[in-house]
>>> print(open('work_5.tsv').read())   # TSV, C-alpha atoms and all ligand atoms
chain	number	residue	atom	x	y	z
A	1	MET	CA	-13.20	94.56	-23.45
A	2	LYS	CA	-16.42	92.59	-23.02
A	3	VAL	CA	-16.31	89.57	-20.76
A	4	GLU	CA	-19.52	87.56	-20.85
A	5	PHE	CA	-20.81	86.20	-17.56
A	6	TYR	CA	-21.00	82.75	-19.12
A	7	ARG	CA	-20.22	81.06	-22.41
A	8	HIS	CA	-21.26	77.43	-22.84
A	9	ASN	CA	-18.84	74.79	-23.90
A	10	ILE	CA	-20.95	72.74	-26.29
A	11	SER	CA	-18.62	71.20	-28.89
A	12	GLN	CA	-19.15	70.12	-32.49
A	13	LYS	CA	-19.23	66.53	-31.18
A	14	ASP	CA	-22.10	67.41	-28.80
A	15	ILE	CA	-23.95	69.05	-31.69
A	16	ASP	CA	-23.33	66.01	-33.92
A	17	ASN	CA	-24.66	63.74	-31.17
A	18	ALA	CA	-27.82	65.85	-30.90
A	19	VAL	CA	-28.22	65.92	-34.70
A	20	GLY	CA	-27.86	62.12	-34.67
A	21	VAL	CA	-30.92	61.95	-32.42
A	22	LEU	CA	-32.81	64.47	-34.56
A	23	ASN	CA	-32.16	62.26	-37.61
A	24	SER	CA	-33.37	59.18	-35.74
A	25	LEU	CA	-36.83	57.85	-35.01
A	26	PHE	CA	-36.97	58.47	-31.30
A	27	LEU	CA	-36.68	61.97	-29.86
A	28	THR	CA	-38.02	61.55	-26.33
A	29	THR	CA	-36.91	59.37	-23.38
A	30	GLY	CA	-35.24	56.26	-24.80
A	31	GLU	CA	-31.91	54.55	-25.38
A	32	VAL	CA	-29.82	57.74	-25.38
A	33	VAL	CA	-31.24	58.75	-21.99
A	34	ASN	CA	-30.35	55.26	-20.70
A	35	GLU	CA	-26.82	55.70	-22.05
A	36	PHE	CA	-26.51	59.09	-20.35
A	37	GLU	CA	-27.83	57.68	-17.07
A	38	ASP	CA	-25.30	54.82	-17.08
A	39	LYS	CA	-22.42	57.15	-17.92
A	40	PHE	CA	-23.38	59.69	-15.26
A	41	SER	CA	-23.74	56.94	-12.61
A	42	ARG	CA	-20.29	55.61	-13.51
A	43	TYR	CA	-18.77	59.09	-13.23
A	44	LEU	CA	-20.29	59.66	-9.79
A	45	GLY	CA	-19.75	56.17	-8.43
A	46	CYS	CA	-23.49	55.84	-7.77
A	47	ARG	CA	-25.69	52.87	-8.67
A	48	HIS	CA	-28.60	54.66	-10.41
A	49	THR	CA	-29.31	57.90	-12.27
A	50	VAL	CA	-32.72	59.05	-13.49
A	51	GLY	CA	-32.72	61.82	-16.12
A	52	VAL	CA	-35.33	64.58	-15.81
A	53	ASN	CA	-35.89	67.98	-17.39
A	54	SER	CA	-34.46	70.19	-14.59
A	55	CYS	CA	-32.89	70.10	-11.16
A	56	THR	CA	-36.10	71.61	-9.81
A	57	ALA	CA	-37.95	68.52	-11.11
A	58	ALA	CA	-35.21	66.30	-9.66
A	59	LEU	CA	-35.65	67.89	-6.21
A	60	HIS	CA	-39.46	67.75	-6.35
A	61	LEU	CA	-39.53	64.09	-7.37
A	62	SER	CA	-36.79	63.05	-4.92
A	63	LEU	CA	-38.78	64.55	-2.06
A	64	LEU	CA	-41.90	62.70	-3.25
A	65	ALA	CA	-39.96	59.45	-3.68
A	66	CYS	CA	-38.78	59.80	-0.06
A	67	GLY	CA	-42.40	60.12	1.06
A	68	ILE	CA	-42.43	63.87	1.82
A	69	GLY	CA	-45.89	65.45	1.70
A	70	PRO	CA	-48.38	67.85	3.30
A	71	GLY	CA	-47.76	68.62	6.96
A	72	ASP	CA	-44.08	67.60	6.84
A	73	GLU	CA	-41.12	69.89	7.47
A	74	VAL	CA	-37.88	69.79	5.49
A	75	ILE	CA	-34.77	71.51	6.78
A	76	THR	CA	-32.77	73.48	4.22
A	77	THR	CA	-30.68	76.61	3.76
A	78	PRO	CA	-31.77	80.13	2.83
A	79	MET	CA	-28.49	80.65	0.90
A	80	THR	CA	-29.42	78.97	-2.37
A	81	PHE	CA	-31.48	79.39	-5.51
A	82	ILE	CA	-35.23	79.45	-4.80
A	83	SER	CA	-35.60	76.06	-6.48
A	84	SER	CA	-34.30	74.25	-3.37
A	85	ALA	CA	-37.04	75.66	-1.14
A	86	ASN	CA	-39.79	75.91	-3.77
A	87	SER	CA	-39.52	72.18	-4.50
A	88	ILE	CA	-40.32	71.49	-0.83
A	89	ILE	CA	-43.44	73.66	-1.08
A	90	TYR	CA	-44.55	71.80	-4.26
A	91	THR	CA	-44.92	68.62	-2.16
A	92	GLY	CA	-47.15	70.39	0.38
A	93	ALA	CA	-44.36	70.34	3.00
A	94	THR	CA	-42.83	73.41	4.67
A	95	PRO	CA	-39.21	74.50	4.24
A	96	VAL	CA	-37.51	75.25	7.56
A	97	PHE	CA	-34.32	77.27	7.22
A	98	VAL	CA	-31.09	76.83	9.14
A	99	ASP	CA	-28.43	79.53	8.86
A	100	VAL	CA	-25.16	78.88	7.04
A	101	GLU	CA	-21.45	78.70	7.84
A	102	PRO	CA	-19.72	82.06	7.28
A	103	GLU	CA	-16.68	80.46	5.62
A	104	THR	CA	-18.48	78.35	3.01
A	105	GLY	CA	-22.09	79.56	2.83
A	106	ASN	CA	-23.23	75.95	3.29
A	107	ILE	CA	-25.86	74.90	5.84
A	108	ASN	CA	-24.37	74.89	9.33
A	109	ALA	CA	-24.78	71.26	10.38
A	110	ASP	CA	-24.25	72.23	14.04
A	111	PHE	CA	-27.58	74.12	13.99
A	112	ILE	CA	-29.66	71.38	12.35
A	113	GLU	CA	-30.55	69.25	15.37
A	114	SER	CA	-32.07	72.11	17.36
A	115	THR	CA	-34.44	72.76	14.43
A	116	ILE	CA	-35.80	69.20	14.21
A	117	THR	CA	-39.44	68.76	15.35
A	118	SER	CA	-41.87	65.84	15.24
A	119	LYS	CA	-42.86	67.05	11.75
A	120	THR	CA	-39.34	67.01	10.30
A	121	LYS	CA	-38.98	64.34	7.62
A	122	ALA	CA	-35.91	65.32	5.61
A	123	ILE	CA	-32.81	67.48	5.33
A	124	LEU	CA	-32.06	69.16	2.00
A	125	PRO	CA	-28.47	70.48	2.03
A	126	VAL	CA	-27.19	72.53	-0.92
A	127	HIS	CA	-23.57	72.19	-2.05
A	128	LEU	CA	-23.10	75.91	-2.58
A	129	TYR	CA	-20.90	77.16	-5.44
A	130	GLY	CA	-19.60	73.59	-5.87
A	131	GLN	CA	-18.37	72.82	-2.36
A	132	MET	CA	-20.15	70.00	-0.56
A	133	SER	CA	-21.90	70.47	2.77
A	134	ASP	CA	-20.70	68.30	5.63
A	135	MET	CA	-22.46	65.14	4.44
A	136	ARG	CA	-20.95	62.86	7.08
A	137	LYS	CA	-22.35	65.00	9.90
A	138	ILE	CA	-25.68	65.50	8.11
A	139	ARG	CA	-26.07	61.74	7.48
A	140	GLU	CA	-25.33	61.04	11.13
A	141	ILE	CA	-28.02	63.50	12.30
A	142	ALA	CA	-30.48	62.14	9.72
A	143	ASP	CA	-29.92	58.53	10.82
A	144	LYS	CA	-30.34	59.45	14.47
A	145	HIS	CA	-33.71	61.11	13.73
A	146	HIS	CA	-34.86	58.81	10.87
A	147	LEU	CA	-34.82	61.55	8.25
A	148	ALA	CA	-34.22	61.38	4.52
A	149	VAL	CA	-31.38	63.40	2.99
A	150	ILE	CA	-31.85	64.94	-0.45
A	151	GLU	CA	-28.77	66.73	-1.76
A	152	ASP	CA	-29.09	69.76	-3.98
A	153	ALA	CA	-25.95	69.09	-6.02
A	154	ALA	CA	-26.85	71.49	-8.86
A	155	HIS	CA	-23.39	73.08	-8.52
A	156	ALA	CA	-21.42	70.06	-7.45
A	157	ILE	CA	-21.03	67.24	-10.01
A	158	GLU	CA	-17.23	67.11	-9.62
A	159	ALA	CA	-17.14	67.72	-5.86
A	160	LEU	CA	-15.57	65.54	-3.17
A	161	ARG	CA	-15.38	66.06	0.58
A	162	ASN	CA	-13.74	63.72	3.09
A	163	GLY	CA	-13.80	60.99	0.44
A	164	VAL	CA	-17.54	61.43	-0.19
A	165	ARG	CA	-19.16	62.48	-3.46
A	166	PRO	CA	-22.71	63.70	-4.10
A	167	GLY	CA	-25.22	60.84	-4.04
A	168	GLN	CA	-23.08	58.53	-1.93
A	169	LEU	CA	-24.45	59.43	1.53
A	170	GLY	CA	-27.69	61.19	0.57
A	171	ASP	CA	-30.79	59.17	-0.27
A	172	ALA	CA	-30.79	61.10	-3.54
A	173	ALA	CA	-28.62	63.81	-5.13
A	174	CYS	CA	-30.09	66.26	-7.64
A	175	PHE	CA	-28.17	67.82	-10.53
A	176	SER	CA	-28.83	70.64	-12.98
A	177	PHE	CA	-27.88	70.87	-16.64
A	178	TYR	CA	-29.31	74.38	-16.97
A	179	ALA	CA	-27.71	76.70	-19.53
A	180	THR	CA	-24.93	78.00	-17.23
A	181	LYS	CA	-24.06	74.77	-15.41
A	182	ASN	CA	-20.78	72.83	-15.60
A	183	ILE	CA	-22.32	70.50	-18.17
A	184	THR	CA	-25.45	71.64	-19.96
A	185	SER	CA	-28.27	70.63	-22.26
A	186	GLY	CA	-29.87	74.08	-22.09
A	187	GLU	CA	-32.37	72.71	-19.59
A	188	GLY	CA	-32.05	69.35	-17.89
A	189	GLY	CA	-31.50	67.55	-14.62
A	190	ALA	CA	-30.91	64.19	-12.98
A	191	VAL	CA	-31.22	62.35	-9.69
A	192	SER	CA	-28.51	59.91	-8.63
A	193	THR	CA	-29.06	57.39	-5.86
A	194	ASN	CA	-27.76	54.11	-4.51
A	195	ASN	CA	-31.31	53.12	-3.57
A	196	GLU	CA	-32.98	50.96	-6.23
A	197	GLU	CA	-36.47	51.46	-4.83
A	198	ILE	CA	-36.11	55.25	-5.03
A	199	ALA	CA	-34.74	54.98	-8.60
A	200	GLU	CA	-37.68	52.83	-9.74
A	201	LYS	CA	-40.16	55.21	-8.14
A	202	LEU	CA	-38.48	58.22	-9.77
A	203	LYS	CA	-38.77	56.60	-13.20
A	204	LYS	CA	-42.52	56.42	-12.75
A	205	LEU	CA	-42.89	59.82	-11.09
A	206	ARG	CA	-41.09	61.57	-13.97
A	207	LEU	CA	-43.72	60.30	-16.43
A	208	HIS	CA	-47.21	60.74	-14.93
A	209	GLY	CA	-46.86	57.64	-12.77
A	210	MET	CA	-47.19	55.46	-15.88
A	211	SER	CA	-46.15	51.84	-15.61
A	212	LYS	CA	-44.43	51.87	-19.04
A	213	ALA	CA	-42.55	54.64	-20.83
A	214	ALA	CA	-43.14	55.24	-24.57
A	215	ALA	CA	-39.88	53.51	-25.55
A	216	GLU	CA	-40.93	50.31	-23.77
A	217	ARG	CA	-44.43	50.48	-25.26
A	218	TYR	CA	-43.14	51.02	-28.78
A	219	SER	CA	-40.25	48.57	-28.95
A	220	LYS	CA	-42.27	45.49	-28.00
A	221	ARG	CA	-45.73	44.13	-28.82
A	222	TYR	CA	-48.28	46.66	-27.64
A	223	GLU	CA	-49.15	46.28	-23.99
A	224	HIS	CA	-51.54	48.48	-22.05
A	225	TRP	CA	-49.99	50.77	-19.50
A	226	ASP	CA	-51.45	51.60	-16.14
A	227	MET	CA	-51.14	54.72	-13.98
A	228	GLU	CA	-49.96	53.51	-10.61
A	229	MET	CA	-49.48	56.85	-8.83
A	230	LEU	CA	-49.82	60.55	-9.54
A	231	GLY	CA	-46.70	61.62	-11.40
A	232	TRP	CA	-45.46	64.64	-13.33
A	233	LYS	CA	-44.20	65.28	-16.88
A	234	TYR	CA	-40.54	65.77	-16.05
A	235	ASN	CA	-38.75	63.22	-18.27
A	236	MET	CA	-35.45	63.94	-20.05
A	237	SER	CA	-35.47	63.67	-23.86
A	238	ASN	CA	-32.96	61.82	-26.04
A	239	ILE	CA	-31.96	65.22	-27.51
A	240	GLN	CA	-30.96	66.56	-24.09
A	241	ALA	CA	-29.16	63.32	-23.21
A	242	ALA	CA	-27.22	63.36	-26.51
A	243	LEU	CA	-25.86	66.83	-25.71
A	244	LEU	CA	-24.55	65.60	-22.36
A	245	LEU	CA	-22.84	62.33	-23.36
A	246	ASP	CA	-19.49	63.72	-24.47
A	247	GLN	CA	-19.51	66.54	-21.90
A	248	ILE	CA	-19.22	63.85	-19.21
A	249	GLU	CA	-16.02	62.63	-20.93
A	250	ASN	CA	-14.52	66.13	-20.72
A	251	ILE	CA	-15.84	67.10	-17.32
A	252	ASP	CA	-12.54	66.77	-15.43
A	253	ARG	CA	-10.52	68.63	-18.06
A	254	ASN	CA	-12.96	71.53	-17.88
A	255	TRP	CA	-12.94	71.43	-14.08
A	256	LYS	CA	-9.12	71.84	-14.18
A	257	ARG	CA	-9.43	74.99	-16.26
A	258	ARG	CA	-12.04	76.46	-13.89
A	259	GLU	CA	-9.85	75.51	-10.92
A	260	SER	CA	-6.90	77.39	-12.42
A	261	ILE	CA	-9.07	80.46	-13.11
A	262	CYS	CA	-10.28	80.37	-9.48
A	263	ARG	CA	-6.66	80.21	-8.30
A	264	MET	CA	-5.84	83.31	-10.38
A	265	TYR	CA	-8.79	85.14	-8.83
A	266	GLU	CA	-7.91	83.95	-5.32
A	267	ASP	CA	-4.26	84.94	-5.61
A	268	ALA	CA	-5.28	88.39	-6.83
A	269	PHE	CA	-8.00	89.06	-4.25
A	270	MET	CA	-6.61	87.33	-1.16
A	271	SER	CA	-4.91	90.40	0.27
A	272	ASN	CA	-7.45	92.96	-0.97
A	273	PRO	CA	-8.95	94.55	2.16
A	274	HIS	CA	-12.18	95.36	0.29
A	275	ILE	CA	-12.93	91.76	-0.60
A	276	CYS	CA	-13.46	88.55	1.26
A	277	LEU	CA	-13.71	85.14	-0.33
A	278	PRO	CA	-15.59	81.96	0.52
A	279	LYS	CA	-13.18	79.28	1.71
A	280	VAL	CA	-12.62	75.93	0.07
A	281	LEU	CA	-11.91	73.68	3.06
A	282	PRO	CA	-8.72	71.58	3.09
A	283	SER	CA	-10.71	68.30	3.09
A	284	SER	CA	-12.77	69.44	0.11
A	285	LYS	CA	-12.53	69.53	-3.67
A	286	SER	CA	-14.91	72.18	-4.94
A	287	ALA	CA	-16.62	71.57	-8.28
A	288	ARG	CA	-15.83	75.27	-8.89
A	289	HIS	CA	-19.20	76.13	-10.36
A	290	LEU	CA	-19.44	79.78	-9.27
A	291	PHE	CA	-16.76	82.21	-8.17
A	292	THR	CA	-18.15	84.78	-5.78
A	293	ILE	CA	-16.52	87.60	-3.87
A	294	GLN	CA	-17.95	89.39	-0.85
A	295	VAL	CA	-17.85	93.18	-0.80
A	296	HIS	CA	-19.31	95.76	1.56
A	297	PRO	CA	-23.13	95.43	1.39
A	298	ALA	CA	-23.55	99.21	1.19
A	299	LYS	CA	-21.38	99.29	-1.95
A	300	ARG	CA	-22.40	96.02	-3.65
A	301	ASP	CA	-25.06	97.29	-6.03
A	302	GLU	CA	-22.94	100.22	-7.15
A	303	MET	CA	-20.05	97.82	-7.81
A	304	LEU	CA	-22.31	95.56	-9.87
A	305	ARG	CA	-23.21	98.59	-11.96
A	306	GLN	CA	-19.59	99.65	-12.43
A	307	LEU	CA	-18.46	96.14	-13.36
A	308	GLN	CA	-21.22	95.94	-15.97
A	309	GLU	CA	-20.28	99.38	-17.29
A	310	LYS	CA	-16.74	98.07	-17.85
A	311	GLY	CA	-18.13	95.16	-19.86
A	312	ILE	CA	-18.00	92.44	-17.22
A	313	GLY	CA	-20.95	90.09	-16.87
A	314	VAL	CA	-21.95	89.67	-13.23
A	315	ALA	CA	-24.62	87.96	-11.14
A	316	VAL	CA	-25.65	87.64	-7.49
A	317	ASN	CA	-25.70	84.14	-6.02
A	318	PHE	CA	-27.84	84.42	-4.03
A	319	ARG	CA	-30.01	86.91	-2.19
A	320	ALA	CA	-31.18	85.03	0.93
A	321	ILE	CA	-34.46	83.29	0.13
A	322	HIS	CA	-36.31	84.19	3.34
A	323	LEU	CA	-36.12	87.89	2.41
A	324	LEU	CA	-37.87	87.44	-0.95
A	325	THR	CA	-41.44	88.75	-1.06
A	326	PHE	CA	-43.25	85.40	-1.35
A	327	TYR	CA	-41.33	83.90	1.57
A	328	ARG	CA	-41.78	86.96	3.77
A	329	GLN	CA	-45.51	87.10	3.03
A	330	THR	CA	-46.20	83.37	3.27
A	331	PHE	CA	-44.05	82.46	6.26
A	332	GLY	CA	-43.57	85.81	8.04
A	333	TYR	CA	-39.80	85.84	7.68
A	334	GLN	CA	-37.97	89.04	8.57
A	335	ARG	CA	-34.50	90.46	8.24
A	336	GLY	CA	-32.28	89.34	11.11
A	337	MET	CA	-33.53	85.74	11.28
A	338	TYR	CA	-30.60	84.20	9.36
A	339	PRO	CA	-27.87	86.82	9.69
A	340	ILE	CA	-25.01	84.95	8.01
A	341	ALA	CA	-27.06	84.12	4.92
A	342	GLU	CA	-28.27	87.72	4.82
A	343	ARG	CA	-24.76	89.08	4.97
A	344	ILE	CA	-23.56	86.79	2.19
A	345	GLY	CA	-26.64	87.65	0.10
A	346	ASP	CA	-26.15	91.39	0.64
A	347	GLY	CA	-22.46	91.40	-0.29
A	348	ALA	CA	-22.08	88.74	-2.98
A	349	ILE	CA	-20.91	89.38	-6.51
A	350	THR	CA	-20.39	86.46	-8.89
A	351	LEU	CA	-17.64	86.87	-11.48
A	352	PRO	CA	-17.28	85.10	-14.84
A	353	LEU	CA	-16.06	81.49	-14.55
A	354	TYR	CA	-16.02	79.01	-17.44
A	355	PRO	CA	-13.37	77.06	-19.38
A	356	LYS	CA	-13.51	79.37	-22.42
A	357	LEU	CA	-12.49	82.38	-20.31
A	358	SER	CA	-8.99	83.35	-21.46
A	359	ASP	CA	-6.14	84.38	-19.13
A	360	GLU	CA	-6.32	87.84	-20.67
A	361	GLU	CA	-10.01	88.10	-19.79
A	362	VAL	CA	-9.35	86.88	-16.24
A	363	ARG	CA	-6.62	89.52	-15.85
A	364	TYR	CA	-9.02	92.19	-17.11
A	365	VAL	CA	-11.69	91.12	-14.60
A	366	ILE	CA	-9.10	91.18	-11.81
A	367	LYS	CA	-7.95	94.67	-12.78
A	368	VAL	CA	-11.47	96.10	-12.98
A	369	VAL	CA	-12.54	94.49	-9.69
A	370	LYS	CA	-9.43	95.96	-8.06
A	371	ASP	CA	-10.14	99.45	-9.45
A	372	VAL	CA	-13.80	99.34	-8.52
A	373	THR	CA	-13.26	98.05	-4.98
A	374	THR	CA	-10.43	100.49	-4.28
A	375	SER	CA	-12.48	103.46	-5.45
A	376	SER	CA	-15.38	102.35	-3.23
A	377	GLY	CA	-13.32	103.32	-0.19
A	378	ASN	CA	-15.05	100.83	2.13
A	379	VAL	CA	-12.77	98.34	3.84
A	380	LEU	CA	-14.43	95.15	4.99
A	381	GLY	CA	-14.24	94.36	8.69
A	382	TYR	CA	-14.25	90.61	8.15
A	383	HIS	CA	-11.51	90.00	5.68
A	384	ASP	CA	-10.86	86.40	6.69
A	385	GLY	CA	-14.39	85.46	5.68
A	386	ARG	CA	-15.73	85.11	9.22
A	387	ALA	CA	-18.68	86.92	10.71
A	401	LIG	C1	-28.49	75.53	-6.05
A	401	LIG	C2	-29.45	75.32	-7.17
A	401	LIG	N1	-30.43	74.41	-7.03
A	401	LIG	C3	-31.32	74.17	-7.99
A	401	LIG	C4	-31.28	74.85	-9.18
A	401	LIG	C5	-32.34	74.60	-10.20
A	401	LIG	O1	-31.85	74.05	-11.36
A	401	LIG	P1	-32.77	73.97	-12.68
A	401	LIG	O2	-32.75	75.29	-13.32
A	401	LIG	O3	-32.13	72.88	-13.49
A	401	LIG	O4	-34.14	73.58	-12.21
A	401	LIG	C6	-30.28	75.80	-9.40
A	401	LIG	C7	-30.23	76.53	-10.68
A	401	LIG	O5	-29.55	77.44	-10.93
A	401	LIG	C8	-29.36	76.05	-8.36
A	401	LIG	O6	-28.39	76.99	-8.52
>>> encode(input="work_5.tsv", output="structure tokens", more="lines below")
Ligand SMILES: Cc1ncc(COP(=O)(O)O)c(C=O)c1O
Amino acid sequence: MKVEFYRHNISQKDIDNAVGVLNSLFLTTGEVVNEFEDKFSRYLGCRHTVGVNSCTAALHLSLLACGIGPGDEVITTPMTFISSANSIIYTGATPVFVDVEPETGNINADFIESTITSKTKAILPVHLYGQMSDMRKIREIADKHHLAVIEDAAHAIEALRNGVRPGQLGDAACFSFYATKNITSGEGGAVSTNNEEIAEKLKKLRLHGMSKAAAERYSKRYEHWDMEMLGWKYNMSNIQAALLLDQIENIDRNWKRRESICRMYEDAFMSNPHICLPKVLPSSKSARHLFTIQVHPAKRDEMLRQLQEKGIGVAVNFRAIHLLTFYRQTFGYQRGMYPIAERIGDGAITLPLYPKLSDEEVRYVIKVVKDVTTSSGNVLGYHDGRA
């Protein structure tokens, strides 16, 4: 049996919506993007959304909109996709890592304050695998030290923790609609915020700092535009927005299916001494973006190979960023500096998780994982997920 790592969920309705745009006059940022932005804001319970062409762009522009620039430090986690840290570097600021919680893989809020210096200007938590970081604690620390909070919510559209959703406590929350995300336009992203000033600035920053977007210029009598600040070319197109409109309608139904797949995996792996699982905390609803297991680091790569040989698509989310060549060479990071993130990165295997995965496929994955872990012979010494 072949079980793909990911299969998108784009429906005929999504395709029809995109074709509708292709048959219309206006392909780039216009009315359909506005419609998407309103719908996404309503779903999140946030006042504003600004559509862009990736989450990386969303992070970069959110940092700029919060005034982050050369000489500043931004606190983030090494257990994430490189985008979170790279976007800090794009602004001229320096990413400063804080190690993660062993149970969730999220930034350990208890370690943040001791890392703050006079240069620190923002905290960039990542809601790993779909579970939110402790936003109440992070907001409290940020307020005490006058820092901005930019959430990397690429995995976490549907998440909720202690009554808080992405974008509600952060100054800005950034989302990804990349090909494997919970809703997708192939490539795409958005920033949601309750701060009108940030939203207005983001709208300019996503389009070269221009005072008027093409849709505004075209629909009225011609008016000259000005360039008020240096911006980037990061705007979302009407085609991307059209693909997303109906996916927002179905987002909770699809979440339910992923939740039930995760429960099947968890029930099957819970008492397996070769595997430990990240914990979804009782106060938390995970968006269930990625399902990862932790296996013995010495056996991980061999297990990846065996799972692939048996037809199962796998990934690693994520190898700790500070150990990647660029980060080692540029900032002098070494193994041992963020031990929890390193251990997660060395032992993680991500299994297939998407609504189209059938129960039969899930059972096959469970069986193969069981066979492969049992034959590895290495029993983990931290089965409850703790260090
Ligand atoms: C945690 C995290 N942040 C940011 C990104 C970047 O998203 P995009 O590819 O839309 O730029 C990703 C993408 O996979 C991600 O996993």
>>> residues_near_ligand(input="work_5.tsv", ligand="ligand LIG 401 (chain A)", cutoff="7 Å", atoms="all atoms listed in the file", output="MDAnalysis selection string")
chainID A and resid 54:57 80:81 83:84 126 128 152:155 176:178 187:189
>>> atom_distance(input="work_5.tsv", atom1="atom CA of Ala58 of chain A", atom2="atom CA of Ile183 of chain A")
16.0 Å
>>> atom_distance(input="work_5.tsv", atom1="atom CA of Arg288 of chain A", atom2="atom CA of Gly130 of chain A")
5.1 Å
>>> closest_residue(input="work_5.tsv", among="A:Gly336, A:Pro278, A:Pro355, A:Gly313", to="Trp255 of chain A", atoms="only C-alpha atoms")
A:Pro355
>>> atom_distance(input="work_5.tsv", atom1="atom CA of Arg300 of chain A", atom2="atom CA of Asp346 of chain A")
7.3 Å
>>> residues_around(input="work_5.tsv", residues="Ile150 of chain A", least_positions_apart="5", cutoff="9 Å", atoms="only C-alpha atoms", output="PyMOL selection string")
chain A and resi 59+62-63+66+122-126+167+170-174
>>> closest_residue(input="work_5.tsv", among="A:Ile293, A:Val19, A:Val365, A:Leu357", to="Ile275 of chain A", atoms="only C-alpha atoms")
A:Ile293
>>> closest_residue(input="work_5.tsv", among="A:Ile88, A:Leu245, A:Ala315, A:Ala215", to="Glu37 of chain A", atoms="only C-alpha atoms")
A:Leu245
>>> residues_around(input="work_5.tsv", residues="segment 100-116 of chain A", least_positions_apart="2", cutoff="10 Å", atoms="all atoms listed in the file", output="ChimeraX atom specification")
/A:73-80,96-98,118-129,131-138,141-142,144-145,147,276-281,338-345,384-387
>>> closest_residue(input="work_5.tsv", among="A:Thr292, A:Asn9, A:Thr350, A:Ser192", to="Phe40 of chain A", atoms="only C-alpha atoms")
A:Ser192
>>> residues_around(input="work_5.tsv", residues="Gly51 of chain A", least_positions_apart="3", cutoff="7 Å", atoms="all atoms listed in the file", output="number ranges by chain")
A: 33, 37, 189-191, 235-236
>>> closest_residue(input="work_5.tsv", among="A:Phe269, A:Phe26, A:Phe326, A:Phe175", to="Glu158 of chain A", atoms="all atoms listed in the file")
A:Phe175
>>> residues_around(input="work_5.tsv", residues="Lys356 of chain A", least_positions_apart="2", cutoff="9 Å", atoms="only C-alpha atoms", output="PDB file with C-alpha atoms, in the frame of the given file")
ATOM      1  CA  TYR A   6     -21.000  82.750 -19.120  1.00  0.00           C
ATOM      2  CA  ARG A   7     -20.220  81.060 -22.410  1.00  0.00           C
ATOM      3  CA  HIS A   8     -21.260  77.430 -22.840  1.00  0.00           C
ATOM      4  CA  ASN A   9     -18.840  74.790 -23.900  1.00  0.00           C
ATOM      5  CA  ARG A 257      -9.430  74.990 -16.260  1.00  0.00           C
ATOM      6  CA  LEU A 353     -16.060  81.490 -14.550  1.00  0.00           C
ATOM      7  CA  TYR A 354     -16.020  79.010 -17.440  1.00  0.00           C
ATOM      8  CA  SER A 358      -8.990  83.350 -21.460  1.00  0.00           C
TER       9      SER A 358
END
>>> residues_around(input="work_5.tsv", residues="Asp359 of chain A", least_positions_apart="3", cutoff="8 Å", atoms="all atoms listed in the file", output="PyMOL selection string")
chain A and resi 261+362-363
>>> closest_residue(input="work_5.tsv", among="A:Leu207, A:Ile349, A:Val52, A:Ala93", to="Gly71 of chain A", atoms="only C-alpha atoms")
A:Ala93
>>> build_atoms(input="work_5.tsv", residues="segment 84-94 of chain A", atoms="N, CA and C atoms", output="PDB file, in the frame of the given file")
ATOM      1  N   SER A  84     -34.495  75.206  -4.481  1.00  0.00           N
ATOM      2  CA  SER A  84     -34.300  74.250  -3.370  1.00  0.00           C
ATOM      3  C   SER A  84     -35.491  74.309  -2.418  1.00  0.00           C
ATOM      4  N   ALA A  85     -35.934  75.514  -2.090  1.00  0.00           N
ATOM      5  CA  ALA A  85     -37.040  75.660  -1.140  1.00  0.00           C
ATOM      6  C   ALA A  85     -38.395  75.507  -1.825  1.00  0.00           C
ATOM      7  N   ASN A  86     -38.515  76.021  -3.052  1.00  0.00           N
ATOM      8  CA  ASN A  86     -39.790  75.910  -3.770  1.00  0.00           C
ATOM      9  C   ASN A  86     -40.190  74.438  -3.949  1.00  0.00           C
ATOM     10  N   SER A  87     -39.204  73.589  -4.244  1.00  0.00           N
ATOM     11  CA  SER A  87     -39.520  72.180  -4.500  1.00  0.00           C
ATOM     12  C   SER A  87     -40.127  71.529  -3.247  1.00  0.00           C
ATOM     13  N   ILE A  88     -39.737  72.005  -2.086  1.00  0.00           N
ATOM     14  CA  ILE A  88     -40.320  71.490  -0.830  1.00  0.00           C
ATOM     15  C   ILE A  88     -41.797  71.898  -0.764  1.00  0.00           C
ATOM     16  N   ILE A  89     -42.058  73.153  -1.120  1.00  0.00           N
ATOM     17  CA  ILE A  89     -43.440  73.660  -1.080  1.00  0.00           C
ATOM     18  C   ILE A  89     -44.321  72.893  -2.083  1.00  0.00           C
ATOM     19  N   TYR A  90     -43.746  72.543  -3.263  1.00  0.00           N
ATOM     20  CA  TYR A  90     -44.550  71.800  -4.260  1.00  0.00           C
ATOM     21  C   TYR A  90     -45.151  70.521  -3.670  1.00  0.00           C
ATOM     22  N   THR A  91     -44.434  69.894  -2.716  1.00  0.00           N
ATOM     23  CA  THR A  91     -44.920  68.620  -2.160  1.00  0.00           C
ATOM     24  C   THR A  91     -46.002  68.844  -1.101  1.00  0.00           C
ATOM     25  N   GLY A  92     -46.204  70.096  -0.706  1.00  0.00           N
ATOM     26  CA  GLY A  92     -47.150  70.390   0.380  1.00  0.00           C
ATOM     27  C   GLY A  92     -46.448  70.505   1.727  1.00  0.00           C
ATOM     28  N   ALA A  93     -45.126  70.228   1.743  1.00  0.00           N
ATOM     29  CA  ALA A  93     -44.360  70.340   3.000  1.00  0.00           C
ATOM     30  C   ALA A  93     -43.888  71.788   3.178  1.00  0.00           C
ATOM     31  N   THR A  94     -43.303  72.060   4.347  1.00  0.00           N
ATOM     32  CA  THR A  94     -42.830  73.410   4.670  1.00  0.00           C
ATOM     33  C   THR A  94     -41.308  73.433   4.757  1.00  0.00           C
TER      34      THR A  94
END
